[in-house]
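Raw contents of query06.txt, compact mmCIF, C-alpha atoms and all ligand atoms:
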```txt
# COMPACT_ATOMS: atom_id res chain seq x y z
CA MET N 1 -21.31 63.82 -5.08
CA PRO N 2 -17.75 65.12 -5.03
CA ARG N 3 -17.34 68.84 -4.95
CA ARG N 4 -15.94 70.21 -8.16
CA ASN N 5 -14.33 73.52 -8.11
CA ARG N 6 -11.88 73.32 -5.31
CA ARG N 7 -9.43 76.14 -5.73
CA PRO N 8 -6.30 77.25 -3.95
CA PRO N 9 -6.65 80.24 -1.63
CA PRO N 10 -5.72 83.63 -3.04
CA PRO N 11 -2.11 84.69 -2.64
CA ALA N 12 -1.23 86.57 0.51
CA GLY N 13 -0.57 90.26 0.30
CA VAL N 14 -3.58 91.13 -1.79
CA THR N 15 -4.78 94.49 -0.56
CA PHE N 16 -7.73 96.07 -2.29
CA ASP N 17 -9.51 94.09 -4.94
CA PRO N 18 -12.91 95.31 -6.07
CA GLN N 19 -13.67 91.83 -7.40
CA ARG N 20 -12.90 90.19 -4.11
CA PRO N 21 -16.40 89.58 -2.78
CA ARG N 22 -17.36 88.00 -6.06
CA ARG N 23 -14.18 85.97 -6.18
CA GLU N 24 -14.82 84.67 -2.70
CA ALA N 25 -18.36 83.77 -3.60
CA CYS N 26 -17.08 82.13 -6.74
CA ALA N 27 -14.52 80.09 -4.82
CA THR N 28 -17.05 78.76 -2.35
CA LYS N 29 -19.91 78.04 -4.71
CA GLU N 30 -20.56 75.21 -7.06
CA ARG N 31 -20.02 76.18 -10.66
CA TYR N 32 -22.31 75.14 -13.46
CA ASP N 33 -21.58 75.20 -17.14
CA SER N 34 -24.84 76.77 -18.17
CA GLU N 35 -27.83 78.59 -16.83
CA ALA N 36 -29.98 75.57 -17.65
CA GLU N 37 -27.79 73.29 -15.55
CA ALA N 38 -27.76 75.71 -12.62
CA ARG N 39 -31.51 76.10 -12.81
CA SER N 40 -32.11 72.37 -12.86
CA ILE N 41 -29.91 71.94 -9.79
CA ALA N 42 -31.76 74.75 -8.02
CA LEU N 43 -35.06 73.06 -8.74
CA MET N 44 -33.81 69.71 -7.48
CA ASN N 45 -33.13 71.27 -4.10
CA VAL N 46 -36.58 72.67 -3.51
CA PRO N 47 -39.42 71.02 -1.68
CA ARG N 48 -42.13 69.78 -3.97
CA GLY N 49 -44.61 72.40 -5.04
CA ARG N 50 -42.45 75.37 -4.21
CA GLY N 51 -40.44 77.65 -6.42
CA ALA N 52 -36.69 77.59 -6.40
CA ALA N 53 -35.22 79.52 -3.51
CA THR N 54 -32.04 80.10 -5.43
CA LYS N 55 -31.50 81.53 -8.83
CA PRO N 56 -28.71 81.19 -11.30
CA TYR N 57 -26.46 84.09 -12.17
CA HIS N 58 -23.59 84.36 -14.56
CA CYS N 59 -20.22 84.72 -12.92
CA ASP N 60 -17.72 86.95 -14.62
CA VAL N 61 -14.94 85.67 -12.38
CA CYS N 62 -14.94 82.11 -13.70
CA GLY N 63 -17.26 82.49 -16.67
CA GLY N 64 -19.61 79.86 -15.29
CA TRP N 65 -22.90 80.00 -13.43
CA HIS N 66 -23.62 79.92 -9.72
CA LEU N 67 -26.73 79.92 -7.60
CA THR N 68 -27.60 82.77 -5.31
CA SER N 69 -30.20 82.70 -2.58
CA ARG N 70 -31.23 86.30 -3.17
ZN ZN K 1 -17.53 81.90 -10.55
```
Could I get this file's structure written as structure tokens?
Ligand SMILES: [Zn+2]
Amino acid sequence: MPRRNRRPPPPAGVTFDPQRPRREACATKERYDSEAEARSIALMNVPRGRGAATKPYHCDVCGGWHLTSR
């Protein structure tokens, strides 16, 4: 499956950006269009009989959904 979501690196010279950790997470994670899609992907990755180890959260950087392990 090709990775969607490849983005260029942020411009150099950025100093303090309170959104930066989230932006970095956003840039490295898969993005899903909806919570339902993210959740279904999370469930596909779990061993049978176990709950999802990741949960979807809404990303206000890109407006999509990502999965977080905690
Ligand atoms: Zn995002």
Could you give me, as a tab-separated table, every chain N residue with an atom at most 9 Å from ligand ZN 1 (chain K), plus its closest atom pair and distance in Å to one decimal, counting all atoms listed in the file, rows ordered by chain then number?
```
residue	atom	partner	partner_atom	distance
N:Arg22	CA	K:ZN1	ZN	7.6
N:Arg23	CA	K:ZN1	ZN	6.8
N:Glu24	CA	K:ZN1	ZN	8.8
N:Ala25	CA	K:ZN1	ZN	7.2
N:Cys26	CA	K:ZN1	ZN	3.8
N:Ala27	CA	K:ZN1	ZN	6.7
N:Thr28	CA	K:ZN1	ZN	8.8
N:Lys29	CA	K:ZN1	ZN	7.4
N:Glu30	CA	K:ZN1	ZN	8.1
N:Arg31	CA	K:ZN1	ZN	6.2
N:Tyr32	CA	K:ZN1	ZN	8.8
N:His58	CA	K:ZN1	ZN	7.7
N:Cys59	CA	K:ZN1	ZN	4.6
N:Asp60	CA	K:ZN1	ZN	6.5
N:Val61	CA	K:ZN1	ZN	4.9
N:Cys62	CA	K:ZN1	ZN	4.1
N:Gly63	CA	K:ZN1	ZN	6.2
N:Gly64	CA	K:ZN1	ZN	5.6
N:Trp65	CA	K:ZN1	ZN	6.4
N:His66	CA	K:ZN1	ZN	6.5
```
Separation of CA of Arg39 (chain N) from CA of Ser69 (chain N), in Å and rounded to one decimal: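 Value for the CA of Arg39 (chain N)-CA of Ser69 (chain N) distance: 12.2 Å.
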CA of Lys55 (chain N) to CA of Ser40 (chain N), distance in Å rounded to a single decimal: 10.0 Å
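Considering all atoms listed in the file, the residue among N:Pro56, N:Gln19, N:Pro8, N:Gly51 positioned nearest to Ala38 (chain N) is N:Pro56.
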Of the candidates N:Tyr57, N:Arg50, N:Phe16, N:Thr68, which one gets nearest to Asp33 (chain N) if we count only C-alpha atoms?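 Ranking N:Tyr57, N:Arg50, N:Phe16, N:Thr68 by distance to Asp33 (chain N), first place goes to N:Tyr57.
CA of Val46 (chain N) is found 19.7 Å from CA of Arg3 (chain N).
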